[in-house]
Every structure is written in structure tokens, then in C-alpha cells.
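*Asks:* The following file, model-v3.cif, comprises mmCIF, C-alpha atoms and all ligand atoms:
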data_upload
#
loop_
_atom_site.label_atom_id
_atom_site.label_comp_id
_atom_site.auth_asym_id
_atom_site.auth_seq_id
_atom_site.Cartn_x
_atom_site.Cartn_y
_atom_site.Cartn_z
CA MET A 1 0.00 0.00 0.00
CA THR A 2 1.12 3.55 -0.61
CA ALA A 3 0.02 6.76 1.11
CA SER A 4 -2.62 8.69 -0.75
CA GLU A 5 -1.15 12.01 -1.83
CA ILE A 6 -4.64 13.41 -1.60
CA ARG A 7 -4.93 12.71 2.14
CA ALA A 8 -1.64 14.57 2.69
CA LEU A 9 -2.89 17.45 0.59
CA PHE A 10 -6.10 17.75 2.62
CA ALA A 11 -4.11 18.45 5.78
CA VAL A 12 -2.59 21.56 4.19
CA ALA A 13 -5.75 22.49 2.31
CA SER A 14 -7.81 22.63 5.49
CA ARG A 15 -5.89 25.67 6.81
CA PRO A 16 -8.41 28.55 6.98
CA GLU A 17 -6.37 30.89 4.77
CA VAL A 18 -6.37 28.34 1.95
CA VAL A 19 -9.37 28.24 -0.40
CA SER A 20 -9.79 24.52 -0.81
CA LEU A 21 -11.21 23.30 -4.08
CA ALA A 22 -9.53 20.02 -3.17
CA GLY A 23 -12.05 18.31 -0.89
CA GLY A 24 -15.16 16.30 -1.59
CA ALA A 25 -17.06 17.18 1.56
CA PRO A 26 -20.80 17.83 1.43
CA TYR A 27 -22.09 21.13 2.82
CA ILE A 28 -23.30 19.76 6.14
CA ALA A 29 -24.36 23.21 7.36
CA ALA A 30 -27.31 22.88 4.95
CA LEU A 31 -28.80 20.21 7.26
CA PRO A 32 -31.29 21.15 10.01
CA LEU A 33 -28.61 20.45 12.60
CA ASP A 34 -30.71 21.22 15.71
CA ALA A 35 -33.40 18.77 14.67
CA VAL A 36 -30.84 16.14 13.68
CA GLY A 37 -29.07 16.63 17.02
CA GLU A 38 -32.30 16.13 18.99
CA MET A 39 -33.09 13.02 16.99
CA LEU A 40 -29.62 11.60 17.71
CA GLY A 41 -29.98 12.35 21.42
CA ARG A 42 -33.26 10.47 21.63
CA LEU A 43 -31.73 7.49 19.86
CA GLY A 44 -29.39 7.12 22.81
CA SER A 45 -31.75 8.00 25.66
CA GLU A 46 -34.90 6.23 24.43
CA HIS A 47 -33.56 3.42 22.25
CA GLY A 48 -30.11 2.82 23.70
CA SER A 49 -30.78 -0.84 24.45
CA THR A 50 -30.70 -1.52 20.70
CA THR A 51 -28.78 1.43 19.24
CA LEU A 52 -25.80 0.89 21.55
CA GLN A 53 -25.82 -2.88 21.15
CA TYR A 54 -24.26 -5.21 18.53
CA GLY A 55 -26.36 -5.95 15.48
CA ILE A 56 -26.36 -8.40 12.57
CA GLY A 57 -23.77 -8.36 9.79
CA GLN A 58 -26.16 -7.63 6.95
CA GLY A 59 -27.60 -4.55 8.71
CA THR A 60 -31.03 -3.93 10.22
CA ILE A 61 -34.11 -4.88 8.25
CA GLU A 62 -35.63 -1.46 9.02
CA LEU A 63 -32.77 0.32 7.27
CA ARG A 64 -32.60 -2.14 4.39
CA GLU A 65 -36.31 -1.49 3.73
CA LYS A 66 -35.70 2.26 3.74
CA ILE A 67 -32.75 1.79 1.38
CA CYS A 68 -35.09 0.05 -1.06
CA GLU A 69 -37.39 3.11 -0.89
CA VAL A 70 -34.44 5.35 -1.69
CA MET A 71 -33.31 3.17 -4.61
CA ALA A 72 -36.87 3.07 -5.98
CA LEU A 73 -36.63 6.84 -6.52
CA SER A 74 -34.12 6.18 -9.29
CA GLY A 75 -35.96 3.19 -10.75
CA ILE A 76 -34.29 0.35 -8.84
CA ASP A 77 -37.48 -1.22 -7.49
CA VAL A 78 -39.25 -4.55 -6.97
CA GLY A 79 -39.92 -4.66 -10.71
CA CYS A 80 -36.21 -5.15 -11.31
CA GLY A 81 -35.75 -7.50 -8.41
CA ALA A 82 -34.54 -5.10 -5.71
CA SER A 83 -35.34 -6.48 -2.28
CA PRO A 84 -34.21 -5.71 1.30
CA ASP A 85 -33.05 -9.30 1.43
CA ASP A 86 -30.29 -8.57 -1.11
CA VAL A 87 -29.09 -5.34 0.51
CA VAL A 88 -25.97 -5.39 2.68
CA VAL A 89 -25.38 -2.30 4.82
CA THR A 90 -21.76 -1.12 4.80
CA ILE A 91 -19.56 1.44 6.51
CA GLY A 92 -19.94 4.06 3.82
CA GLY A 93 -19.57 3.49 0.12
CA GLN A 94 -15.90 2.82 0.72
CA GLN A 95 -16.49 -0.49 2.52
CA ALA A 96 -18.93 -1.45 -0.22
CA ILE A 97 -16.09 -1.24 -2.76
CA ASP A 98 -13.79 -3.10 -0.40
CA LEU A 99 -16.28 -5.93 0.09
CA VAL A 100 -16.73 -6.50 -3.62
CA ALA A 101 -12.94 -6.50 -4.01
CA ARG A 102 -12.54 -9.00 -1.16
CA LEU A 103 -15.05 -11.29 -2.75
CA PHE A 104 -13.74 -11.27 -6.29
CA LEU A 105 -10.15 -10.11 -6.59
CA ASP A 106 -7.06 -12.29 -6.46
CA PRO A 107 -3.56 -10.81 -6.78
CA GLY A 108 -2.82 -10.04 -10.43
CA ASP A 109 -6.46 -9.82 -11.49
CA VAL A 110 -7.43 -6.91 -13.72
CA VAL A 111 -10.15 -4.42 -12.82
CA LEU A 112 -11.47 -2.17 -15.57
CA ALA A 113 -12.28 1.36 -14.47
CA GLU A 114 -12.88 4.72 -16.05
CA GLY A 115 -9.82 6.89 -16.56
CA PRO A 116 -9.82 8.90 -14.33
CA THR A 117 -11.59 7.12 -11.47
CA TYR A 118 -12.35 7.49 -7.76
CA VAL A 119 -9.13 7.59 -5.77
CA GLY A 120 -10.56 5.55 -2.88
CA ALA A 121 -11.43 2.71 -5.25
CA LEU A 122 -7.87 2.76 -6.59
CA GLY A 123 -6.66 2.33 -3.00
CA VAL A 124 -8.90 -0.70 -2.51
CA PHE A 125 -7.83 -2.33 -5.77
CA GLN A 126 -4.18 -1.67 -5.00
CA ALA A 127 -4.54 -3.24 -1.53
CA ALA A 128 -6.09 -6.29 -3.23
CA GLN A 129 -2.99 -6.40 -5.47
CA ALA A 130 -5.18 -6.06 -8.54
CA GLN A 131 -4.14 -4.17 -11.67
CA VAL A 132 -6.37 -1.36 -12.89
CA GLU A 133 -6.80 -0.82 -16.62
CA HIS A 134 -8.36 2.54 -17.37
CA VAL A 135 -11.00 2.96 -20.06
CA ALA A 136 -11.26 6.36 -21.74
CA MET A 137 -14.23 8.69 -21.24
CA ASP A 138 -15.57 11.73 -23.02
CA ALA A 139 -18.39 14.16 -22.21
CA ASP A 140 -20.89 11.24 -22.48
CA GLY A 141 -18.96 9.03 -20.06
CA LEU A 142 -17.18 5.74 -20.69
CA ILE A 143 -16.59 5.09 -24.41
CA PRO A 144 -17.97 1.65 -25.40
CA ALA A 145 -15.43 1.16 -28.23
CA ALA A 146 -12.62 1.89 -25.77
CA LEU A 147 -14.11 -0.65 -23.36
CA GLU A 148 -14.12 -3.30 -26.08
CA ALA A 149 -10.55 -2.48 -27.09
CA THR A 150 -9.33 -2.63 -23.46
CA ILE A 151 -11.05 -5.98 -22.88
CA ALA A 152 -9.44 -7.36 -26.04
CA ALA A 153 -6.00 -6.08 -25.00
CA VAL A 154 -6.27 -7.58 -21.50
CA ARG A 155 -7.41 -10.91 -22.90
CA ALA A 156 -4.54 -10.87 -25.41
CA SER A 157 -2.11 -10.34 -22.53
CA GLY A 158 -3.43 -13.48 -20.85
CA ARG A 159 -4.55 -11.73 -17.69
CA ARG A 160 -7.83 -12.41 -15.90
CA MET A 161 -10.53 -9.74 -15.61
CA LYS A 162 -13.24 -9.80 -12.95
CA PHE A 163 -15.33 -6.66 -13.26
CA LEU A 164 -15.86 -3.19 -14.60
CA TYR A 165 -15.93 -0.61 -11.81
CA THR A 166 -17.90 2.39 -13.04
CA ILE A 167 -19.38 5.61 -11.65
CA PRO A 168 -21.82 6.33 -14.47
CA THR A 169 -23.61 9.31 -12.94
CA TYR A 170 -21.91 12.64 -12.09
CA GLN A 171 -18.60 10.84 -12.06
CA ASN A 172 -15.91 11.49 -9.45
CA PRO A 173 -13.58 13.07 -10.50
CA ALA A 174 -14.60 13.88 -14.09
CA GLY A 175 -18.10 15.29 -13.46
CA VAL A 176 -19.51 13.59 -16.57
CA THR A 177 -22.53 11.28 -16.92
CA MET A 178 -22.82 8.19 -19.09
CA SER A 179 -25.52 8.70 -21.74
CA GLU A 180 -28.63 6.51 -22.02
CA GLU A 181 -27.38 4.86 -25.17
CA ARG A 182 -23.97 4.08 -23.73
CA ARG A 183 -25.50 2.56 -20.59
CA GLU A 184 -27.16 -0.06 -22.75
CA GLN A 185 -24.03 -0.60 -24.82
CA VAL A 186 -21.77 -0.97 -21.78
CA LEU A 187 -24.17 -3.47 -20.20
CA ASP A 188 -24.34 -5.45 -23.45
CA ILE A 189 -20.56 -5.57 -23.77
CA CYS A 190 -20.04 -6.72 -20.18
CA GLU A 191 -22.73 -9.37 -20.50
CA ARG A 192 -21.27 -10.66 -23.76
CA GLU A 193 -17.75 -10.73 -22.29
CA GLY A 194 -18.82 -12.35 -19.02
CA LEU A 195 -17.75 -9.37 -16.91
CA LEU A 196 -19.50 -8.28 -13.73
CA VAL A 197 -20.43 -4.62 -13.40
CA VAL A 198 -19.83 -2.73 -10.15
CA GLU A 199 -21.91 0.44 -10.36
CA ASP A 200 -20.88 3.02 -7.77
CA ASP A 201 -23.57 5.67 -7.43
CA PRO A 202 -23.06 8.07 -4.52
CA TYR A 203 -24.20 11.13 -6.49
CA GLY A 204 -27.22 9.95 -8.52
CA GLN A 205 -29.67 11.94 -6.34
CA LEU A 206 -27.67 15.12 -6.72
CA GLY A 207 -28.64 16.25 -10.22
CA PHE A 208 -29.13 19.96 -10.83
CA ASP A 209 -30.52 20.00 -14.34
CA GLY A 210 -33.27 17.39 -14.21
CA ASP A 211 -33.05 13.70 -13.44
CA ALA A 212 -30.07 11.52 -14.32
CA PRO A 213 -30.48 8.56 -16.69
CA ARG A 214 -31.64 5.44 -14.84
CA PRO A 215 -28.84 3.52 -13.11
CA LEU A 216 -27.35 0.44 -14.78
CA ARG A 217 -28.92 -1.75 -12.07
CA ALA A 218 -32.40 -0.46 -13.00
CA ARG A 219 -31.81 -1.80 -16.51
CA ARG A 220 -30.24 -5.18 -15.75
CA ARG A 221 -30.66 -7.34 -12.67
CA ASP A 222 -28.04 -9.98 -13.43
CA GLY A 223 -24.35 -9.37 -13.01
CA VAL A 224 -24.65 -5.83 -11.63
CA PHE A 225 -23.63 -4.80 -8.11
CA TYR A 226 -25.13 -1.46 -7.11
CA LEU A 227 -23.22 0.54 -4.47
CA SER A 228 -24.31 3.75 -2.81
CA THR A 229 -24.06 5.75 0.40
CA PHE A 230 -25.80 8.29 2.61
CA SER A 231 -22.56 10.29 2.75
CA LYS A 232 -23.58 12.81 0.10
CA THR A 233 -27.34 12.88 0.61
CA PHE A 234 -27.32 12.99 4.42
CA ALA A 235 -24.09 12.90 6.43
CA PRO A 236 -20.70 11.25 5.80
CA GLY A 237 -19.90 11.30 9.52
CA LEU A 238 -22.36 8.47 10.10
CA ARG A 239 -20.51 6.23 7.62
CA VAL A 240 -23.52 4.35 6.25
CA GLY A 241 -23.59 2.94 2.74
CA TRP A 242 -24.85 -0.21 1.05
CA ILE A 243 -24.58 -2.80 -1.68
CA LEU A 244 -27.49 -4.26 -3.60
CA ALA A 245 -26.00 -7.60 -4.59
CA PRO A 246 -27.03 -10.26 -7.05
CA HIS A 247 -29.00 -12.75 -4.95
CA ALA A 248 -26.56 -15.61 -5.55
CA VAL A 249 -23.66 -13.83 -3.82
CA ARG A 250 -25.44 -11.93 -1.07
CA ASP A 251 -24.62 -14.59 1.54
CA LYS A 252 -20.94 -14.46 0.61
CA LEU A 253 -20.93 -10.69 1.03
CA VAL A 254 -22.43 -11.05 4.50
CA ILE A 255 -19.76 -13.58 5.47
CA ALA A 256 -17.07 -11.25 4.13
CA THR A 257 -18.43 -8.24 6.01
CA GLU A 258 -18.75 -10.18 9.26
CA ALA A 259 -15.13 -11.26 8.90
CA THR A 260 -14.13 -7.63 8.47
CA ILE A 261 -16.31 -5.54 10.78
CA LEU A 262 -18.70 -7.99 12.57
CA CYS A 263 -21.59 -5.65 11.91
CA PRO A 264 -22.18 -2.04 10.88
CA SER A 265 -22.81 0.50 13.66
CA ALA A 266 -26.27 -0.01 15.15
CA PHE A 267 -26.36 3.63 16.21
CA ALA A 268 -25.50 4.99 12.78
CA GLN A 269 -28.03 2.70 11.10
CA ALA A 270 -30.73 3.79 13.54
CA ALA A 271 -29.83 7.43 12.89
CA VAL A 272 -30.25 7.01 9.13
CA THR A 273 -33.47 5.00 9.59
CA GLN A 274 -34.93 7.69 11.88
CA TYR A 275 -33.85 10.40 9.48
CA LEU A 276 -35.58 8.68 6.58
CA THR A 277 -38.68 7.93 8.67
CA THR A 278 -39.28 11.13 10.60
CA MET A 279 -37.51 13.94 8.77
CA PRO A 280 -38.24 15.58 5.39
CA TRP A 281 -35.32 13.94 3.56
CA ARG A 282 -36.72 14.49 0.08
CA GLU A 283 -36.91 18.22 0.85
CA GLN A 284 -33.34 18.07 2.14
CA LEU A 285 -32.22 16.56 -1.15
CA LYS A 286 -33.74 19.58 -2.89
CA VAL A 287 -31.83 21.87 -0.53
CA TYR A 288 -28.53 20.13 -1.31
CA ARG A 289 -29.26 20.31 -5.04
CA GLU A 290 -30.05 24.03 -4.83
CA VAL A 291 -26.90 24.83 -2.86
CA TYR A 292 -24.70 22.80 -5.19
CA ARG A 293 -26.29 24.15 -8.36
CA GLU A 294 -25.49 27.70 -7.22
CA ARG A 295 -21.92 26.68 -6.40
CA ARG A 296 -21.45 24.77 -9.64
CA ASP A 297 -22.59 27.90 -11.51
CA ALA A 298 -20.19 30.04 -9.48
CA LEU A 299 -17.32 27.73 -10.37
CA LEU A 300 -18.17 27.49 -14.08
CA ASP A 301 -18.70 31.27 -14.34
CA SER A 302 -15.40 31.96 -12.57
CA LEU A 303 -13.56 29.52 -14.82
CA ASP A 304 -15.15 31.15 -17.91
CA ASP A 305 -14.06 34.59 -16.69
CA LEU A 306 -10.63 33.87 -15.27
CA MET A 307 -8.88 30.77 -16.63
CA PRO A 308 -5.91 31.20 -18.98
CA VAL A 309 -6.49 30.49 -22.66
CA GLY A 310 -6.03 26.81 -23.50
CA THR A 311 -7.68 25.53 -20.31
CA THR A 312 -10.82 23.43 -20.75
CA TRP A 313 -13.17 21.82 -18.24
CA THR A 314 -16.26 19.63 -17.91
CA ARG A 315 -19.72 21.09 -17.22
CA PRO A 316 -21.30 18.70 -14.71
CA SER A 317 -25.08 18.50 -14.38
CA GLY A 318 -24.79 17.04 -10.88
CA GLY A 319 -22.40 15.80 -8.24
CA LEU A 320 -19.58 17.72 -6.62
CA PHE A 321 -16.71 18.04 -9.12
CA VAL A 322 -15.38 19.76 -12.23
CA TRP A 323 -12.43 18.24 -14.11
CA ALA A 324 -10.12 20.72 -15.79
CA THR A 325 -7.51 20.14 -18.51
CA LEU A 326 -4.55 22.50 -18.32
CA PRO A 327 -2.88 24.29 -21.22
CA ASP A 328 0.11 22.58 -22.82
CA GLY A 329 3.23 22.69 -20.71
CA LEU A 330 1.55 22.89 -17.28
CA ASP A 331 1.91 20.07 -14.75
CA SER A 332 -0.82 20.04 -12.09
CA LYS A 333 1.21 17.94 -9.66
CA ALA A 334 4.36 20.05 -9.90
CA MET A 335 2.23 23.18 -9.45
CA VAL A 336 0.69 22.13 -6.10
CA PRO A 337 3.32 23.81 -3.85
CA ARG A 338 2.98 27.09 -5.79
CA ALA A 339 -0.81 26.90 -5.52
CA ILE A 340 -0.63 26.27 -1.77
CA ALA A 341 1.74 29.25 -1.44
CA ALA A 342 -0.91 31.28 -3.26
CA ARG A 343 -3.48 29.91 -0.77
CA VAL A 344 -5.53 27.75 -3.08
CA ALA A 345 -5.75 23.94 -3.23
CA TYR A 346 -6.99 21.45 -5.82
CA VAL A 347 -6.33 17.77 -6.41
CA PRO A 348 -3.87 17.04 -9.24
CA GLY A 349 -5.09 14.59 -11.85
CA THR A 350 -2.36 12.09 -10.98
CA GLY A 351 -4.32 10.86 -7.95
CA PHE A 352 -7.04 9.43 -10.16
CA TYR A 353 -4.96 7.16 -12.39
CA ALA A 354 -3.42 3.90 -11.21
CA ASP A 355 -0.27 4.58 -13.22
CA GLY A 356 0.32 8.10 -11.90
CA THR A 357 -0.37 9.82 -15.23
CA GLY A 358 -2.83 12.70 -15.37
CA GLN A 359 -0.45 15.65 -14.92
CA ARG A 360 -2.51 17.73 -17.34
CA TYR A 361 -5.64 17.55 -15.23
CA MET A 362 -7.00 18.81 -11.94
CA ARG A 363 -10.16 18.13 -9.93
CA LEU A 364 -12.05 21.11 -8.56
CA ASN A 365 -14.72 20.71 -5.86
CA PHE A 366 -17.65 23.08 -5.58
CA SER A 367 -19.79 21.57 -2.80
CA PHE A 368 -18.00 22.91 0.24
CA PRO A 369 -16.66 26.45 -0.40
CA SER A 370 -19.14 29.33 -0.68
CA PRO A 371 -19.65 30.93 -4.12
CA GLU A 372 -17.49 33.90 -3.02
CA ARG A 373 -14.67 31.61 -1.88
CA ILE A 374 -14.95 29.62 -5.10
CA ARG A 375 -14.47 32.78 -7.16
CA GLU A 376 -11.53 33.88 -5.00
CA GLY A 377 -10.02 30.38 -5.30
CA VAL A 378 -10.26 30.42 -9.09
CA ARG A 379 -8.75 33.92 -9.15
CA ARG A 380 -5.76 32.68 -7.13
CA LEU A 381 -5.46 29.54 -9.21
CA SER A 382 -5.50 31.38 -12.53
CA GLY A 383 -2.81 33.72 -11.16
CA VAL A 384 -0.58 30.73 -10.40
CA MET A 385 -1.22 29.25 -13.83
CA GLU A 386 -0.49 32.53 -15.63
CA GLN A 387 2.80 32.72 -13.75
CA GLU A 388 3.74 29.16 -14.68
CA LEU A 389 2.92 29.83 -18.31
CA ALA A 390 5.11 32.95 -18.28
CA THR A 391 8.21 31.11 -17.00
N1 LIG B 1 -17.43 6.12 -4.25
C1 LIG B 1 -17.26 7.33 -4.79
C2 LIG B 1 -17.31 7.48 -6.27
C3 LIG B 1 -17.03 8.44 -3.97
O1 LIG B 1 -16.85 9.63 -4.53
C4 LIG B 1 -16.99 8.26 -2.58
C5 LIG B 1 -16.76 9.39 -1.61
N2 LIG B 1 -15.94 10.40 -2.01
C6 LIG B 1 -17.16 6.97 -2.07
C7 LIG B 1 -17.40 5.93 -2.94
C8 LIG B 1 -17.05 6.68 -0.60
O2 LIG B 1 -18.17 7.10 0.07
P1 LIG B 1 -18.26 7.05 1.64
O3 LIG B 1 -17.79 8.36 2.14
O4 LIG B 1 -19.70 6.81 1.88
O5 LIG B 1 -17.41 5.93 2.12
#
Mind turning this structure into C-alpha cells?

*Replies:*
Amino acid sequence: MTASEIRALFAVASRPEVVSLAGGAPYIAALPLDAVGEMLGRLGSEHGSTTLQYGIGQGTIELREKICEVMALSGIDVGCGASPDDVVVTIGGQQAIDLVARLFLDPGDVVLAEGPTYVGALGVFQAAQAQVEHVAMDADGLIPAALEATIAAVRASGRRMKFLYTIPTYQNPAGVTMSEERREQVLDICEREGLLVVEDDPYGQLGFDGDAPRPLRARRRDGVFYLSTFSKTFAPGLRVGWILAPHAVRDKLVIATEATILCPSAFAQAAVTQYLTTMPWREQLKVYREVYRERRDALLDSLDDLMPVGTTWTRPSGGLFVWATLPDGLDSKAMVPRAIAARVAYVPGTGFYADGTGQRYMRLNFSFPSPERIREGVRRLSGVMEQELAT
């Protein structure tokens, strides 16, 4: 295992004088914190005999039923075989990725993933001693022809592939969404090639410009693992996520999770269940979407106004991130110390590729800083870039 350069960067980026476009934190202040606090207090005082006790590995049935209600919002419902029985509650979306890796990956196996992809997933695959092969994306997400070519190349090299790990909706870090047409094509290719699909969908409920295309799992029940989390729609501090697994492997996932964590936190599960039962969570989703839409607009407008010629970037319709491509000659990783000195932080593209390439890119977050801070951050960043270009 190697240290994540992003974790090290966050320590510096969290200094108050630094405008951090580096994080991925939701804007928790948008929650009704007093009401949430009271609810949490009662969970201890009135229900402590269960909320402070051990629970079962798969997670409580109450929460798994609520999770099915949440998934139904995006079309993953009983009609496509979604059932509380096949849900496994995890410690955030991160443990969901880890569980799938534990179940399927042997050292040397190949995982296909978008290039760039989620840094935390790269960490899991690296710990499993798997090799990641990136598949190119464009503004419509993963490119089916590139997927076919990568599969052929891996097969030709004699290596074994287990699954495609994909974040089709409001991708982290690229901010792009796989089109309707491509969703069908990608599913067809994976089915034909005998590859499982691991669909990671933390951001699907956070669309600003209308609804996202239906998840892959809503289109195909076989061979698709659906992973999500309450980290972006409620609170990451509770660390509650889940997997909807194909029925045949659900038992194996439960065994794997029990061997890792015994059971997810009873308190955190009760907190999420109470939140979904007694509080206006659909309204809260609207609040998050409104806040993030305003911040996304602030970031895109600032980039339009201030970025040096030759810089391009994605225009996300949801999620938390914009992915920028730097003008020729700039190296986002080498530039980090100069950016920090200018009191602005971003994540260099190199964190999102298994092979450390990606120097021409950077990830910019818009969920946490205020619109004013975003504009100031982009002003500082463009100043650093102009200076680099002049030398
Ligand atoms: N998958 C993706 C694509 C993510 O962006 C994140 C969080 N940044 C996670 C999984 C992990 O989520 P959690 O915080 O719930 O563990």
C-alpha cells in the first residue's frame, strides 16, 4: 500500500487561509442540525438498548427497507428484483467497494475502471494487489469502443478480468454522466464478455438540471452490483452505505463483512433509519441540489471569466466536481506547492490514475466552499497558472 497524496494534501488544504477546491465534503451546514441533534440524542436516551448494542452483519431490516425506498426513486425497485433481502449495509460506500474486491479479486487480477476514477477505489484495488486498466471517457462518459478495445488487450495479454468498476452518474472526478445509449451498450458488452459490473452511485440523487439517466442496475438485474451511500445525501460522519448484490452472492458478502467488521454500527443505522422515517429527507435533497447548483454555476462562471487560454473543463449537471484540462506545458502535480503558497488547493489529476499519469488535469470541488470563496479560489489559481505559463 502507498500513502494517498490526496490525504496529505487535505491536511494543508484545510488551513483557513487556503481556499480549498480540493475536498469532496458535502455542505453539512445545509442540514437542520438542531433537529438532527435532537433526533440523535433520543436514539441514545430512548432506544439505547438496541442502538448501543451489537447488530447483525447484513444490517437492520428497518434500514434495508428504507434503502429500497431510496433506490426506488431512481428506478431500482421490486420490478427489477430489488429487495431488502439482497441489501448489505456497509460502513460508507468505501467499505462497499472493499467488500466486492474482497469477494472477487485475487492478486494479479485486472479491474477495468474509467480513466480517471475514484481515488478511494484505486486504493482498494491496490490493496487487493489487482491491476487497474483505465478505459477512456468523453463528455458522455465511458466510451464503449474503448471498453471493447481494453477488454481485447487484456485478454490478449493473458490476464484475468473480474469486473468493470464504473461511476456512471456525475462521475468522481470527471463530473460527466454516461448517456442513455452508452449505458445499454456498456451493459451489453459486459454481459457478452462475461464481466460483472460494479456500479458506484453516490451522487445519482444530486442532479441539478433534471433527473439523471436510470442507473445500470435499473436496466439489468443480473451481473450488476449497485453501491451507494448516505454520505452525500445525508451525512458522511455516520458512515452508512450499502450494496445491492445479485441474490446468488449476497450470503458471501455477508460472510465477508462479518469477517471484516462484525456488523455495521447499530447507532449509525438507527440514525439514518430515523432520518428517513421522521424527517423531510426528500426536501433536504432539494436543498442540497439548490446549494450545489449555485456553487457549480459560481465555479463554471469563474472559470469562464478567469482561466488562462487553453484551459478546458467539464460542465457537470450534478455531483460535486469539475475536471479541468490544463494548457500545454503545465503540470498540475508540480504546481501544487505554488498553488498552496498562493493559498488555493486542488487535487492534481495524478491521484485518479493507477499509473500516476494525469499531470494535465486537476479536480475542482464546488460543494464545500461558498460561491465567493470559489471565485476567489479560481482567481488565485488562474494567477498561479499565468505565472507558470510565463516562465
Ligand atoms: N465512491 C465514490 C465514487 C465516492 O466519490 C466516494 C466518496 N468520495 C465513495 C465511494 C465513498 O463514500 P463514503 O464516504 O460513503 O465511504

*Asks:* Given the point (-30.0, -3.4, -14.2) in the file's coordinates, find the residues that have an atom at most 10 Å from it, counting all atoms listed in the file, and give them as a PyMOL selection string.

*Replies:* chain A and resi 75-76+80-82+183-184+187+197+199+214-226

*Asks:* Could you give me, as a list in words, the residues within 10 Å of Ser83 (chain A), counting all atoms listed in the file and dropping anything in the same chain fewer than 6 positions from it?

*Replies:* Arg64, Glu65, Ile67, Cys68, Glu69, Ile76, Asp77, Leu244, Ala245 and His247 of chain A

*Asks:* Output as AutoDock Vina command-line options the centre and edge lengths (Å, one decimal) of the box along x, y and z of the file that holds every listed atom of ligand LIG 1 (chain B) after adding 5 Å on each side.

*Replies:*
--center_x -17.8 --center_y 8.2 --center_z -2.1 --size_x 13.8 --size_y 14.5 --size_z 18.4

*Asks:* If I take CA of Gly48 (chain A) and CA of Gln284 (chain A), how far is one from the other in Å, to one decimal?

*Replies:*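 These atoms are spaced 26.6 Å apart.
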
*Asks:* For the point (-9.9, 18.0, -10.8) in the file's frame, write as a PyMOL selection string all residues with an atom no more than 8 Å away, counting all atoms listed in the file.

*Replies:* chain A and resi 22+173-174+321-324+346-349+361-365

*Asks:* Which of these, A:Ala354, A:Ala35, A:Val100, A:Met71, has the shortest distance to Gln126 (chain A) once you count only C-alpha atoms?

*Replies:*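 Among the listed residues, A:Ala354 lies closest to Gln126 (chain A).
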
*Asks:* Produce as a PyMOL selection string the set of residues near ligand LIG 1 (chain B), where near means within 9 Å with all atoms listed in the file considered.

*Replies:* chain A and resi 23-25+90-97+117-121+166-167+171-173+200-203+227-232+235-242+320

*Asks:* Report, in Å with one decimal, the straight-line distance from CA of Thr177 (chain A) to CA of Pro213 (chain A).

*Replies:*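 CA of Pro213 (chain A) lies 8.4 Å from CA of Thr177 (chain A).
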
*Asks:* Considering only C-alpha atoms, state which residue in the set A:Leu33, A:Ala390, A:Val110, A:Leu303 is at the smallest distance from Val154 (chain A).

*Replies:*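 Of A:Leu33, A:Ala390, A:Val110, A:Leu303, the one nearest Val154 (chain A), counting only C-alpha atoms, is A:Val110.
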
*Asks:* Record the distance separating CA of Leu112 (chain A) and CA of Val176 (chain A), expressed in Å with one decimal.

*Replies:*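 Interatomic distance, CA of Leu112 (chain A) to CA of Val176 (chain A): 17.7 Å.
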
*Asks:* Would you pick out the contacts of Trp281 (chain A) at 12 Å or less, using only C-alpha atoms, so that residues sharing its chain but fewer than 5 positions from it are not included, and give the list as a list in words?

*Replies:*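 Residues near the query, excluding close chain neighbours: Leu31, Pro32, Val36, Lys66, Glu69, Val70, Gln205, Phe230, Thr233, Phe234, Ala235, Val272, Thr273, Gln274, Tyr275, Leu276, Lys286, Val287 and Tyr288 of chain A.
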
*Asks:* Given all atoms listed in the file as the basis, pick out the residue of A:Arg293, A:Arg15, A:Arg160, A:His47 nearest to Val344 (chain A).

*Replies:*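 Nearest candidate to Val344 (chain A) out of A:Arg293, A:Arg15, A:Arg160, A:His47: A:Arg15.
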
*Asks:* Determine, counting only C-alpha atoms, which protein, DNA and RNA residues have an atom within 8 Å of an atom of Ser382 (chain A); residues of the same chain fewer than 3 positions away are not included. Present the result as number ranges by chain.

*Replies:* A: 306-308, 378-379, 385-386

*Asks:* Which of these residues is nearest to Arg289 (chain A), using only C-alpha atoms: A:Ala153, A:Ala13, A:Leu206, A:Val132?

*Replies:*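 Among A:Ala153, A:Ala13, A:Leu206, A:Val132, it is A:Leu206 that comes nearest to Arg289 (chain A).
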
*Asks:* Let me make sure I understand: among A:Ser370, A:Pro116, A:Leu63, A:Arg155, which one has the smallest atom-to-atom distance to Thr350 (chain A) if we use only C-alpha atoms?

*Replies:*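 The answer is A:Pro116, which sits nearest to Thr350 (chain A).
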
*Asks:* Kindly indicate which residue among A:Phe267, A:Ile143, A:Arg338, A:Asp331 lies nearest to Ser45 (chain A), using all atoms listed in the file for the distances.

*Replies:* A:Phe267

*Asks:* Using the structure block above, produce a file of region 187-215 of chain A that contains C-alpha atoms, as a tab-separated table (two decimals), in the first residue's frame.

*Replies:*
chain	number	residue	atom	x	y	z
A	187	LEU	CA	-24.17	-3.47	-20.20
A	188	ASP	CA	-24.34	-5.45	-23.45
A	189	ILE	CA	-20.56	-5.57	-23.77
A	190	CYS	CA	-20.04	-6.72	-20.18
A	191	GLU	CA	-22.73	-9.37	-20.50
A	192	ARG	CA	-21.27	-10.66	-23.76
A	193	GLU	CA	-17.75	-10.73	-22.29
A	194	GLY	CA	-18.82	-12.35	-19.02
A	195	LEU	CA	-17.75	-9.37	-16.91
A	196	LEU	CA	-19.50	-8.28	-13.73
A	197	VAL	CA	-20.43	-4.62	-13.40
A	198	VAL	CA	-19.83	-2.73	-10.15
A	199	GLU	CA	-21.91	0.44	-10.36
A	200	ASP	CA	-20.88	3.02	-7.77
A	201	ASP	CA	-23.57	5.67	-7.43
A	202	PRO	CA	-23.06	8.07	-4.52
A	203	TYR	CA	-24.20	11.13	-6.49
A	204	GLY	CA	-27.22	9.95	-8.52
A	205	GLN	CA	-29.67	11.94	-6.34
A	206	LEU	CA	-27.67	15.12	-6.72
A	207	GLY	CA	-28.64	16.25	-10.22
A	208	PHE	CA	-29.13	19.96	-10.83
A	209	ASP	CA	-30.52	20.00	-14.34
A	210	GLY	CA	-33.27	17.39	-14.21
A	211	ASP	CA	-33.05	13.70	-13.44
A	212	ALA	CA	-30.07	11.52	-14.32
A	213	PRO	CA	-30.48	8.56	-16.69
A	214	ARG	CA	-31.64	5.44	-14.84
A	215	PRO	CA	-28.84	3.52	-13.11
